[in-house]
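Trainee: My structure is stored as protein-v5.pdb, with PDB, C-alpha atoms, pLDDT in the B column.
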ATOM      1  CA  MET C1478     -26.773 -21.816  -6.584  1.00 39.00           C
ATOM      2  CA  ALA C1479     -23.993 -21.871  -4.009  1.00 43.00           C
ATOM      3  CA  LYS C1480     -22.008 -19.305  -5.972  1.00 45.00           C
ATOM      4  CA  ASN C1481     -25.034 -17.017  -6.295  1.00 51.00           C
ATOM      5  CA  LYS C1482     -25.747 -17.364  -2.593  1.00 49.00           C
ATOM      6  CA  PHE C1483     -22.152 -16.468  -1.766  1.00 49.00           C
ATOM      7  CA  SER C1484     -22.272 -13.451  -4.085  1.00 62.00           C
ATOM      8  CA  LYS C1485     -25.503 -12.191  -2.506  1.00 60.00           C
ATOM      9  CA  GLU C1486     -24.051 -12.642   0.991  1.00 55.00           C
ATOM     10  CA  TRP C1487     -20.949 -10.679  -0.010  1.00 44.00           C
ATOM     11  CA  VAL C1488     -23.034  -7.876  -1.511  1.00 51.00           C
ATOM     12  CA  MET C1489     -25.179  -7.620   1.625  1.00 52.00           C
ATOM     13  CA  GLN C1490     -22.108  -7.681   3.848  1.00 56.00           C
ATOM     14  CA  HIS C1491     -20.525  -4.941   1.735  1.00 53.00           C
ATOM     15  CA  ILE C1492     -23.638  -2.762   1.779  1.00 55.00           C
ATOM     16  CA  ASN C1493     -23.975  -3.076   5.567  1.00 63.00           C
ATOM     17  CA  ASP C1494     -20.264  -2.652   6.266  1.00 71.00           C
ATOM     18  CA  PRO C1495     -19.816   0.393   8.546  1.00 71.00           C
ATOM     19  CA  PHE C1496     -16.470   1.227   6.955  1.00 67.00           C
ATOM     20  CA  VAL C1497     -18.063   1.246   3.492  1.00 80.00           C
ATOM     21  CA  LYS C1498     -20.693   3.682   4.735  1.00 79.00           C
ATOM     22  CA  LEU C1499     -18.073   5.821   6.475  1.00 78.00           C
ATOM     23  CA  ALA C1500     -15.927   5.893   3.328  1.00 75.00           C
ATOM     24  CA  GLN C1501     -18.909   7.142   1.350  1.00 80.00           C
ATOM     25  CA  GLN C1502     -19.591   9.848   3.947  1.00 77.00           C
ATOM     26  CA  LYS C1503     -15.990  11.055   3.949  1.00 81.00           C
ATOM     27  CA  GLY C1504     -15.554  10.879   0.191  1.00 81.00           C
ATOM     28  CA  TYR C1505     -12.974   8.093   0.167  1.00 91.00           C
ATOM     29  CA  ARG C1506     -12.911   5.890  -2.894  1.00 93.00           C
ATOM     30  CA  ALA C1507     -12.592   2.688  -0.851  1.00 92.00           C
ATOM     31  CA  ARG C1508     -12.875   1.474   2.739  1.00 90.00           C
ATOM     32  CA  ALA C1509      -9.135   0.671   2.567  1.00 94.00           C
ATOM     33  CA  ALA C1510      -8.525   4.312   3.512  1.00 95.00           C
ATOM     34  CA  PHE C1511      -9.298   3.415   7.130  1.00 95.00           C
ATOM     35  CA  LYS C1512      -6.779   0.564   7.108  1.00 96.00           C
ATOM     36  CA  LEU C1513      -4.032   3.007   6.157  1.00 97.00           C
ATOM     37  CA  THR C1514      -5.199   5.634   8.641  1.00 97.00           C
ATOM     38  CA  GLU C1515      -4.976   3.150  11.516  1.00 96.00           C
ATOM     39  CA  ILE C1516      -1.513   1.996  10.426  1.00 97.00           C
ATOM     40  CA  LEU C1517      -0.208   5.557  10.096  1.00 98.00           C
ATOM     41  CA  ASP C1518      -1.566   6.523  13.515  1.00 97.00           C
ATOM     42  CA  ALA C1519      -0.198   3.388  15.198  1.00 96.00           C
ATOM     43  CA  GLU C1520       3.287   3.833  13.742  1.00 97.00           C
ATOM     44  CA  LYS C1521       3.291   7.652  13.683  1.00 97.00           C
ATOM     45  CA  LEU C1522       4.125   7.723   9.996  1.00 97.00           C
ATOM     46  CA  MET C1523       3.597  10.360   7.304  1.00 97.00           C
ATOM     47  CA  ARG C1524       4.052  14.052   7.907  1.00 95.00           C
ATOM     48  CA  ARG C1525       4.201  17.206   5.824  1.00 96.00           C
ATOM     49  CA  GLY C1526       7.269  17.391   3.635  1.00 96.00           C
ATOM     50  CA  ASP C1527       7.416  13.633   3.075  1.00 98.00           C
ATOM     51  CA  VAL C1528       7.967  12.007  -0.311  1.00 98.00           C
ATOM     52  CA  ILE C1529       5.519   9.112  -0.656  1.00 98.00           C
ATOM     53  CA  VAL C1530       5.110   6.414  -3.305  1.00 98.00           C
ATOM     54  CA  ASP C1531       1.776   4.566  -3.491  1.00 98.00           C
ATOM     55  CA  LEU C1532       2.218   1.281  -5.380  1.00 97.00           C
ATOM     56  CA  GLY C1533      -0.952  -0.266  -6.767  1.00 95.00           C
ATOM     57  CA  SER C1534      -2.828   2.916  -5.968  1.00 97.00           C
ATOM     58  CA  THR C1535      -6.101   2.509  -7.895  1.00 96.00           C
ATOM     59  CA  PRO C1536      -8.851   3.439  -7.053  1.00 97.00           C
ATOM     60  CA  GLY C1537      -6.907   5.964  -4.954  1.00 97.00           C
ATOM     61  CA  SER C1538      -8.084   5.847  -1.332  1.00 97.00           C
ATOM     62  CA  TRP C1539      -4.546   5.538   0.059  1.00 98.00           C
ATOM     63  CA  SER C1540      -3.409   8.483  -2.056  1.00 98.00           C
ATOM     64  CA  GLN C1541      -6.415  10.434  -0.746  1.00 98.00           C
ATOM     65  CA  VAL C1542      -5.295   9.784   2.847  1.00 97.00           C
ATOM     66  CA  ALA C1543      -1.737  10.776   1.965  1.00 98.00           C
ATOM     67  CA  ARG C1544      -2.942  14.017   0.415  1.00 97.00           C
ATOM     68  CA  GLU C1545      -4.993  14.869   3.502  1.00 96.00           C
ATOM     69  CA  ARG C1546      -1.939  14.425   5.704  1.00 97.00           C
ATOM     70  CA  LEU C1547       0.425  16.412   3.517  1.00 97.00           C
ATOM     71  CA  VAL C1548      -1.814  19.351   2.635  1.00 95.00           C
ATOM     72  CA  GLY C1549      -0.829  22.613   4.303  1.00 84.00           C
ATOM     73  CA  LYS C1550      -2.963  25.605   5.275  1.00 79.00           C
ATOM     74  CA  ALA C1551      -2.957  26.957   1.735  1.00 83.00           C
ATOM     75  CA  GLY C1552      -4.464  23.698   0.468  1.00 87.00           C
ATOM     76  CA  VAL C1553      -1.257  22.727  -1.328  1.00 92.00           C
ATOM     77  CA  VAL C1554       0.519  19.391  -0.838  1.00 95.00           C
ATOM     78  CA  ASP C1555       3.662  19.931   1.253  1.00 95.00           C
ATOM     79  CA  GLY C1556       5.823  17.103  -0.053  1.00 96.00           C
ATOM     80  CA  ARG C1557       5.238  14.725  -2.957  1.00 97.00           C
ATOM     81  CA  ILE C1558       2.880  11.838  -3.639  1.00 98.00           C
ATOM     82  CA  VAL C1559       3.643   9.596  -6.599  1.00 98.00           C
ATOM     83  CA  ALA C1560       0.994   6.946  -7.298  1.00 98.00           C
ATOM     84  CA  LEU C1561       1.331   4.016  -9.658  1.00 97.00           C
ATOM     85  CA  ASP C1562      -0.967   1.298 -10.979  1.00 96.00           C
ATOM     86  CA  ILE C1563      -1.523  -0.881 -14.037  1.00 94.00           C
ATOM     87  CA  LEU C1564      -5.139   0.359 -14.003  1.00 95.00           C
ATOM     88  CA  PRO C1565      -6.218   3.968 -14.627  1.00 97.00           C
ATOM     89  CA  MET C1566      -6.955   6.152 -11.599  1.00 98.00           C
ATOM     90  CA  GLU C1567      -9.194   9.189 -11.453  1.00 97.00           C
ATOM     91  CA  PRO C1568      -7.021  12.265 -10.775  1.00 97.00           C
ATOM     92  CA  ILE C1569      -6.397  13.494  -7.231  1.00 97.00           C
ATOM     93  CA  ALA C1570      -5.181  17.065  -6.768  1.00 95.00           C
ATOM     94  CA  GLY C1571      -1.501  17.121  -5.859  1.00 95.00           C
ATOM     95  CA  VAL C1572      -0.943  13.432  -6.664  1.00 97.00           C
ATOM     96  CA  GLU C1573       1.316  12.500  -9.587  1.00 97.00           C
ATOM     97  CA  PHE C1574      -0.010   9.332 -11.237  1.00 98.00           C
ATOM     98  CA  ILE C1575       1.922   6.908 -13.446  1.00 97.00           C
ATOM     99  CA  LEU C1576       0.041   4.272 -15.432  1.00 97.00           C
ATOM    100  CA  GLY C1577       2.140   1.147 -15.793  1.00 95.00           C
ATOM    101  CA  ASP C1578       3.693  -1.998 -14.336  1.00 93.00           C
ATOM    102  CA  PHE C1579       6.661  -1.107 -12.146  1.00 86.00           C
ATOM    103  CA  SER C1580       8.192  -4.555 -12.678  1.00 87.00           C
ATOM    104  CA  LEU C1581       9.061  -3.292 -16.179  1.00 92.00           C
ATOM    105  CA  ASP C1582      12.313  -1.389 -16.652  1.00 92.00           C
ATOM    106  CA  GLU C1583      10.740   1.398 -18.722  1.00 94.00           C
ATOM    107  CA  VAL C1584       8.158   2.088 -16.003  1.00 94.00           C
ATOM    108  CA  LEU C1585      10.827   2.067 -13.295  1.00 90.00           C
ATOM    109  CA  GLU C1586      12.748   4.606 -15.348  1.00 93.00           C
ATOM    110  CA  GLN C1587       9.619   6.756 -15.576  1.00 95.00           C
ATOM    111  CA  ILE C1588       9.299   6.632 -11.779  1.00 94.00           C
ATOM    112  CA  ASN C1589      12.967   7.564 -11.394  1.00 91.00           C
ATOM    113  CA  GLN C1590      12.497  10.530 -13.696  1.00 94.00           C
ATOM    114  CA  THR C1591       9.398  11.627 -11.790  1.00 95.00           C
ATOM    115  CA  LEU C1592      11.185  11.399  -8.433  1.00 95.00           C
ATOM    116  CA  GLU C1593      14.184  13.253  -9.919  1.00 92.00           C
ATOM    117  CA  GLY C1594      16.551  11.318  -7.687  1.00 88.00           C
ATOM    118  CA  CYS C1595      14.715  12.359  -4.536  1.00 94.00           C
ATOM    119  CA  PRO C1596      14.848   9.642  -1.846  1.00 96.00           C
ATOM    120  CA  VAL C1597      11.505   8.417  -0.517  1.00 98.00           C
ATOM    121  CA  ASP C1598      10.209   8.627   3.070  1.00 98.00           C
ATOM    122  CA  LEU C1599       7.420   6.074   2.698  1.00 98.00           C
ATOM    123  CA  VAL C1600       6.625   3.353   0.174  1.00 98.00           C
ATOM    124  CA  MET C1601       3.158   1.880   0.622  1.00 98.00           C
ATOM    125  CA  SER C1602       1.531  -1.015  -1.202  1.00 97.00           C
ATOM    126  CA  ASP C1603      -2.025  -2.271  -0.917  1.00 94.00           C
ATOM    127  CA  MET C1604      -1.404  -4.558  -3.884  1.00 91.00           C
ATOM    128  CA  ALA C1605      -2.721  -8.105  -3.891  1.00 83.00           C
ATOM    129  CA  PRO C1606      -2.633 -10.756  -6.619  1.00 75.00           C
ATOM    130  CA  ASN C1607      -5.685 -12.528  -7.953  1.00 71.00           C
ATOM    131  CA  LEU C1608      -5.975 -15.585  -5.710  1.00 67.00           C
ATOM    132  CA  SER C1609      -7.005 -18.988  -7.052  1.00 64.00           C
ATOM    133  CA  GLY C1610      -7.685 -20.815  -3.797  1.00 66.00           C
ATOM    134  CA  VAL C1611      -4.773 -23.178  -4.512  1.00 61.00           C
ATOM    135  CA  GLY C1612      -2.465 -22.720  -1.528  1.00 63.00           C
ATOM    136  CA  LEU C1613       0.987 -23.123  -3.082  1.00 72.00           C
ATOM    137  CA  ALA C1614       0.136 -21.127  -6.203  1.00 70.00           C
ATOM    138  CA  ASP C1615      -1.401 -18.294  -4.180  1.00 71.00           C
ATOM    139  CA  SER C1616       1.564 -18.248  -1.808  1.00 78.00           C
ATOM    140  CA  ALA C1617       3.922 -17.817  -4.759  1.00 83.00           C
ATOM    141  CA  ARG C1618       1.808 -14.989  -6.198  1.00 84.00           C
ATOM    142  CA  ILE C1619       1.675 -13.173  -2.850  1.00 85.00           C
ATOM    143  CA  GLN C1620       5.428 -13.588  -2.394  1.00 89.00           C
ATOM    144  CA  GLN C1621       6.063 -12.135  -5.856  1.00 90.00           C
ATOM    145  CA  VAL C1622       3.952  -9.027  -5.223  1.00 92.00           C
ATOM    146  CA  VAL C1623       5.518  -8.398  -1.809  1.00 94.00           C
ATOM    147  CA  ASP C1624       9.014  -8.934  -3.203  1.00 94.00           C
ATOM    148  CA  LEU C1625       8.383  -6.333  -5.914  1.00 94.00           C
ATOM    149  CA  ALA C1626       7.396  -3.755  -3.294  1.00 96.00           C
ATOM    150  CA  LEU C1627      10.389  -4.666  -1.126  1.00 96.00           C
ATOM    151  CA  GLU C1628      12.844  -4.395  -4.015  1.00 95.00           C
ATOM    152  CA  PHE C1629      11.423  -1.014  -4.970  1.00 95.00           C
ATOM    153  CA  ALA C1630      11.694   0.208  -1.379  1.00 96.00           C
ATOM    154  CA  LEU C1631      15.304  -0.934  -1.040  1.00 96.00           C
ATOM    155  CA  LEU C1632      16.189   1.077  -4.130  1.00 93.00           C
ATOM    156  CA  HIS C1633      14.357   4.287  -3.220  1.00 96.00           C
ATOM    157  CA  LEU C1634      13.887   4.648   0.533  1.00 97.00           C
ATOM    158  CA  LYS C1635      15.826   6.976   2.761  1.00 97.00           C
ATOM    159  CA  PRO C1636      17.861   5.050   5.377  1.00 96.00           C
ATOM    160  CA  GLU C1637      15.259   5.961   8.013  1.00 97.00           C
ATOM    161  CA  GLY C1638      12.325   5.414   5.642  1.00 98.00           C
ATOM    162  CA  ALA C1639       9.404   3.006   5.970  1.00 98.00           C
ATOM    163  CA  LEU C1640       7.556   0.426   3.897  1.00 98.00           C
ATOM    164  CA  ILE C1641       3.928  -0.690   4.309  1.00 98.00           C
ATOM    165  CA  VAL C1642       2.784  -3.780   2.408  1.00 97.00           C
ATOM    166  CA  LYS C1643      -0.237  -6.040   2.407  1.00 95.00           C
ATOM    167  CA  ALA C1644       0.455  -9.722   2.961  1.00 93.00           C
ATOM    168  CA  PHE C1645      -1.662 -12.736   3.856  1.00 89.00           C
ATOM    169  CA  HIS C1646      -1.283 -15.255   6.664  1.00 86.00           C
ATOM    170  CA  GLY C1647      -0.693 -18.762   5.411  1.00 82.00           C
ATOM    171  CA  SER C1648       1.994 -20.635   3.564  1.00 81.00           C
ATOM    172  CA  GLY C1649       5.027 -18.419   2.978  1.00 87.00           C
ATOM    173  CA  PHE C1650       4.012 -15.643   5.407  1.00 91.00           C
ATOM    174  CA  SER C1651       6.807 -16.337   7.904  1.00 93.00           C
ATOM    175  CA  GLN C1652       9.349 -16.272   5.062  1.00 93.00           C
ATOM    176  CA  ILE C1653       8.080 -12.839   4.004  1.00 94.00           C
ATOM    177  CA  VAL C1654       8.480 -11.543   7.556  1.00 96.00           C
ATOM    178  CA  GLU C1655      12.004 -12.947   7.769  1.00 96.00           C
ATOM    179  CA  SER C1656      12.980 -11.310   4.478  1.00 95.00           C
ATOM    180  CA  PHE C1657      11.789  -7.968   5.838  1.00 97.00           C
ATOM    181  CA  LYS C1658      13.757  -8.457   9.051  1.00 97.00           C
ATOM    182  CA  ARG C1659      16.919  -9.014   7.048  1.00 96.00           C
ATOM    183  CA  HIS C1660      16.636  -5.519   5.605  1.00 97.00           C
ATOM    184  CA  PHE C1661      14.870  -3.432   8.275  1.00 98.00           C
ATOM    185  CA  LYS C1662      15.534  -2.784  11.949  1.00 97.00           C
ATOM    186  CA  ARG C1663      11.842  -2.794  12.919  1.00 97.00           C
ATOM    187  CA  VAL C1664       9.117  -4.967  11.424  1.00 98.00           C
ATOM    188  CA  VAL C1665       5.605  -5.135  12.880  1.00 98.00           C
ATOM    189  CA  GLU C1666       2.400  -6.889  11.837  1.00 97.00           C
ATOM    190  CA  ILE C1667      -0.869  -4.938  11.953  1.00 96.00           C
ATOM    191  CA  LYS C1668      -4.389  -6.144  11.202  1.00 95.00           C
ATOM    192  CA  PRO C1669      -6.497  -2.965  11.114  1.00 94.00           C
ATOM    193  CA  LYS C1670     -10.046  -2.920  12.415  1.00 91.00           C
ATOM    194  CA  ALA C1671     -11.221  -2.116   8.880  1.00 87.00           C
ATOM    195  CA  SER C1672      -9.883  -5.458   7.623  1.00 84.00           C
ATOM    196  CA  ARG C1673     -12.708  -7.931   7.277  1.00 74.00           C
ATOM    197  CA  PHE C1674     -12.819 -10.431  10.146  1.00 73.00           C
ATOM    198  CA  ARG C1675     -12.573 -13.475   7.868  1.00 78.00           C
ATOM    199  CA  SER C1676      -9.752 -12.022   5.785  1.00 80.00           C
ATOM    200  CA  SER C1677      -6.236 -13.356   6.317  1.00 85.00           C
ATOM    201  CA  GLU C1678      -4.727 -10.051   5.191  1.00 91.00           C
ATOM    202  CA  THR C1679      -2.119  -8.561   7.504  1.00 94.00           C
ATOM    203  CA  PHE C1680      -0.089  -5.436   6.880  1.00 96.00           C
ATOM    204  CA  LEU C1681       3.636  -5.413   7.486  1.00 98.00           C
ATOM    205  CA  VAL C1682       5.292  -2.148   8.476  1.00 98.00           C
ATOM    206  CA  ALA C1683       9.067  -2.101   8.099  1.00 98.00           C
ATOM    207  CA  ARG C1684      11.150   0.842   9.280  1.00 98.00           C
ATOM    208  CA  THR C1685      14.776   1.975   9.104  1.00 97.00           C
ATOM    209  CA  LEU C1686      17.059   0.153   6.719  1.00 97.00           C
ATOM    210  CA  LYS C1687      19.842  -1.942   8.239  1.00 94.00           C
ATOM    211  CA  ARG C1688      22.230  -0.637   5.637  1.00 72.00           C
ATOM    212  CA  PRO C1689      22.278   2.507   3.504  1.00 54.00           C
ATOM    213  CA  SER C1690      19.903   2.446   0.532  1.00 47.00           C
ATOM    214  CA  ALA C1691      21.209   2.269  -3.006  1.00 47.00           C
ATOM    215  CA  LYS C1692      19.967   5.811  -3.633  1.00 47.00           C
TER
END
In structure tokens, what does this structure look like?
Mentor:
Amino acid sequence: MAKNKFSKEWVMQHINDPFVKLAQQKGYRARAAFKLTEILDAEKLMRRGDVIVDLGSTPGSWSQVARERLVGKAGVVDGRIVALDILPMEPIAGVEFILGDFSLDEVLEQINQTLEGCPVDLVMSDMAPNLSGVGLADSARIQQVVDLALEFALLHLKPEGALIVKAFHGSGFSQIVESFKRHFKRVVEIKPKASRFRSSETFLVARTLKRPSAK
């Protein structure tokens, strides 16, 4: 009964969520689009001509926002958007999608071939692991996902590039922040208005590498 009650409460909350309604009105595939929009506006990130990689992109709302910001007057993307996920994603005009797990060497090689050696302006990740409710186990899973995004960024970002990742407050969060500060000159925490009040999710924005990237 308790589980059913919780599920019904979540469904009602989702239906009545103003950001869900707004996403439907604007044609976004998920309310997460507004989280990214607020982050980009706050940090003045993403402009035409940028090369952007969207890790864990499905269903595609972050790639939709990226496309909006890169499209020129002729309706053509000025720059590049490469999206990646282990789940299929419905096509988005001007977005190059790769289906696969970027922790695997063959998928990383596919990304490298797609980028054609071009350094990246912005790596963004809205990825999150499946959480069990067991603190230490969940902390390890979160750390692993964030580390994957960080490692990818260190390999592909321009020296002045930026990384946006989703993390969660709790055990291990301060260690994640410290690891970012070791590699980037500026690291800020942002909890967008579109994040649910009860959620512990916090987005980290890291900018400008402390040392030249490997690319």
Trainee: Neighbouring residues of region 1517-1525 of chain C were defined as those with any atom within 8 Å, considering all atoms listed in the file; residues of the same chain fewer than 3 positions away were excluded. Please report them as a list in words.
Mentor: Leu1513, Thr1514, Ala1543, Arg1546, Leu1547, Val1548, Gly1549, Val1554, Asp1555, Gly1556 and Leu1599 of chain C
Trainee: Write out as number ranges by chain which residues come within 10 Å of Val1530 (chain C) when counting only C-alpha atoms, dropping same-chain ones fewer than 5 positions away.
Mentor: C: 1540, 1543, 1557-1561, 1572-1574, 1588, 1592, 1597-1602, 1629-1630, 1633-1634, 1640
Trainee: Hey, can you check how far CA of Gln1541 (chain C) sits from CA of Pro1568 (chain C)?
Mentor: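 Computing the Euclidean distance for CA of Gln1541 (chain C) and CA of Pro1568 (chain C) yields 10.2 Å.
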Trainee: With distances taken over all atoms listed in the file, which of C:Phe1511, C:Trp1539, C:Tyr1505, C:Phe1657 is nearest to Val1623 (chain C)?
Mentor: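 Of all the options, C:Phe1657 lies closest to Val1623 (chain C).
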Trainee: Identify which of the residues C:Glu1637, C:Asp1624, C:Glu1586, C:Asp1615 lies closest to Val1654 (chain C), counting all atoms listed in the file when measuring atom-to-atom distances.
Mentor: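 The answer is C:Asp1624, which sits nearest to Val1654 (chain C).
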Trainee: What does the structure give for the distance between CA of Pro1606 (chain C) and CA of Lys1643 (chain C), in Å to one decimal?
Mentor: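 Interatomic distance here is 10.5 Å.
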Trainee: Ranking C:Gln1587, C:Lys1668, C:Glu1593, C:Met1604 by minimum distance to Leu1625 (chain C) and counting all atoms listed in the file, which one comes first?
Mentor: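 For Leu1625 (chain C), the nearest of the given residues is C:Met1604.
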Trainee: Any chance you could work out the residue set of the PyMOL selection byres ((chain C and resi 1605) around 10) here, as a list of chain:residue names?
Mentor: C:Gly1533, C:Ser1602, C:Asp1603, C:Met1604, C:Pro1606, C:Asn1607, C:Leu1608, C:Arg1618, C:Ile1619, C:Gln1620, C:Gln1621, C:Val1622, C:Val1623, C:Val1642, C:Lys1643, C:Ala1644, C:Phe1645, C:Glu1678
Trainee: For Phe1579 (chain C), which residue out of C:Met1566, C:Cys1595, C:Val1553, C:Ala1626 is the nearest one, using all atoms listed in the file?
Mentor: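 Going through C:Met1566, C:Cys1595, C:Val1553, C:Ala1626 one by one, the smallest distance to Phe1579 (chain C) is for C:Ala1626.
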Trainee: Report, in Å with one decimal, the straight-line distance from CA of Lys1662 (chain C) to CA of Ala1510 (chain C).
Mentor: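 That distance, rounded to one decimal, is 26.5 Å.
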Trainee: Identify all residues satisfying the PyMOL selection byres ((chain C and resi 1508) around 10) in the given file; provide them as a list of chain:residue names.
Mentor: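 Checking the PyMOL selection byres ((chain C and resi 1508) around 10) against this file, the residues are C:Asp1494, C:Pro1495, C:Phe1496, C:Val1497, C:Lys1498, C:Leu1499, C:Ala1500, C:Gln1501, C:Tyr1505, C:Arg1506, C:Ala1507, C:Ala1509, C:Ala1510, C:Phe1511, C:Lys1512, C:Leu1513, C:Ser1538, C:Trp1539, C:Ala1671, C:Ser1672.
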Trainee: On this file, the PyMOL selection byres ((chain C and resi 1683) around 7) gives some set of residues; write that set as a PyMOL selection string.
Mentor: chain C and resi 1639-1641+1657+1661+1663-1665+1681-1682+1684
Trainee: Nearest to Glu1545 (chain C) among C:Ala1570, C:Leu1564, C:Leu1632, C:Ala1614, with distances taken over all atoms listed in the file: which residue is it?
Mentor: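 Between C:Ala1570, C:Leu1564, C:Leu1632, C:Ala1614, the residue approaching Glu1545 (chain C) most closely is C:Ala1570.
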Trainee: Using the file's own x, y and z axes, so that the box edges lie along x, y and z, what centre and edge lengths in Å (one decimal) does a box around every listed atom of region 1553-1570 of chain C get when 4 Å is added on each side? Give it as lines of an AutoDock Vina configuration file.
Mentor:
center_x = -1.7
center_y = 10.9
center_z = -6.7
size_x = 23.0
size_y = 31.6
size_z = 23.9
Trainee: Near Gly1647 (chain C), within 9 Å and counting all atoms listed in the file, which residues show up once chain neighbours fewer than 3 positions away are dropped, as a list in words?
Mentor: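 Within the cut-off, the hits are Gly1612, Ser1616, Phe1650, Ser1651 and Ser1677 of chain C.
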Trainee: I need every residue sitting at most 9 Å from the point (16.9, -6.7, 4.2) (coordinates as in the file, only C-alpha atoms considered), written as a PDB file with C-alpha atoms, keeping the file's coordinate frame.
Mentor:
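As written to disk, out_34.pdb reads:
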ATOM      1  CA  LEU C1627      10.389  -4.666  -1.126  1.00 96.00           C
ATOM      2  CA  LEU C1631      15.304  -0.934  -1.040  1.00 96.00           C
ATOM      3  CA  GLU C1655      12.004 -12.947   7.769  1.00 96.00           C
ATOM      4  CA  SER C1656      12.980 -11.310   4.478  1.00 95.00           C
ATOM      5  CA  PHE C1657      11.789  -7.968   5.838  1.00 97.00           C
ATOM      6  CA  LYS C1658      13.757  -8.457   9.051  1.00 97.00           C
ATOM      7  CA  ARG C1659      16.919  -9.014   7.048  1.00 96.00           C
ATOM      8  CA  HIS C1660      16.636  -5.519   5.605  1.00 97.00           C
ATOM      9  CA  PHE C1661      14.870  -3.432   8.275  1.00 98.00           C
ATOM     10  CA  LYS C1662      15.534  -2.784  11.949  1.00 97.00           C
ATOM     11  CA  LEU C1686      17.059   0.153   6.719  1.00 97.00           C
ATOM     12  CA  LYS C1687      19.842  -1.942   8.239  1.00 94.00           C
ATOM     13  CA  ARG C1688      22.230  -0.637   5.637  1.00 72.00           C
TER      14      ARG C1688
END
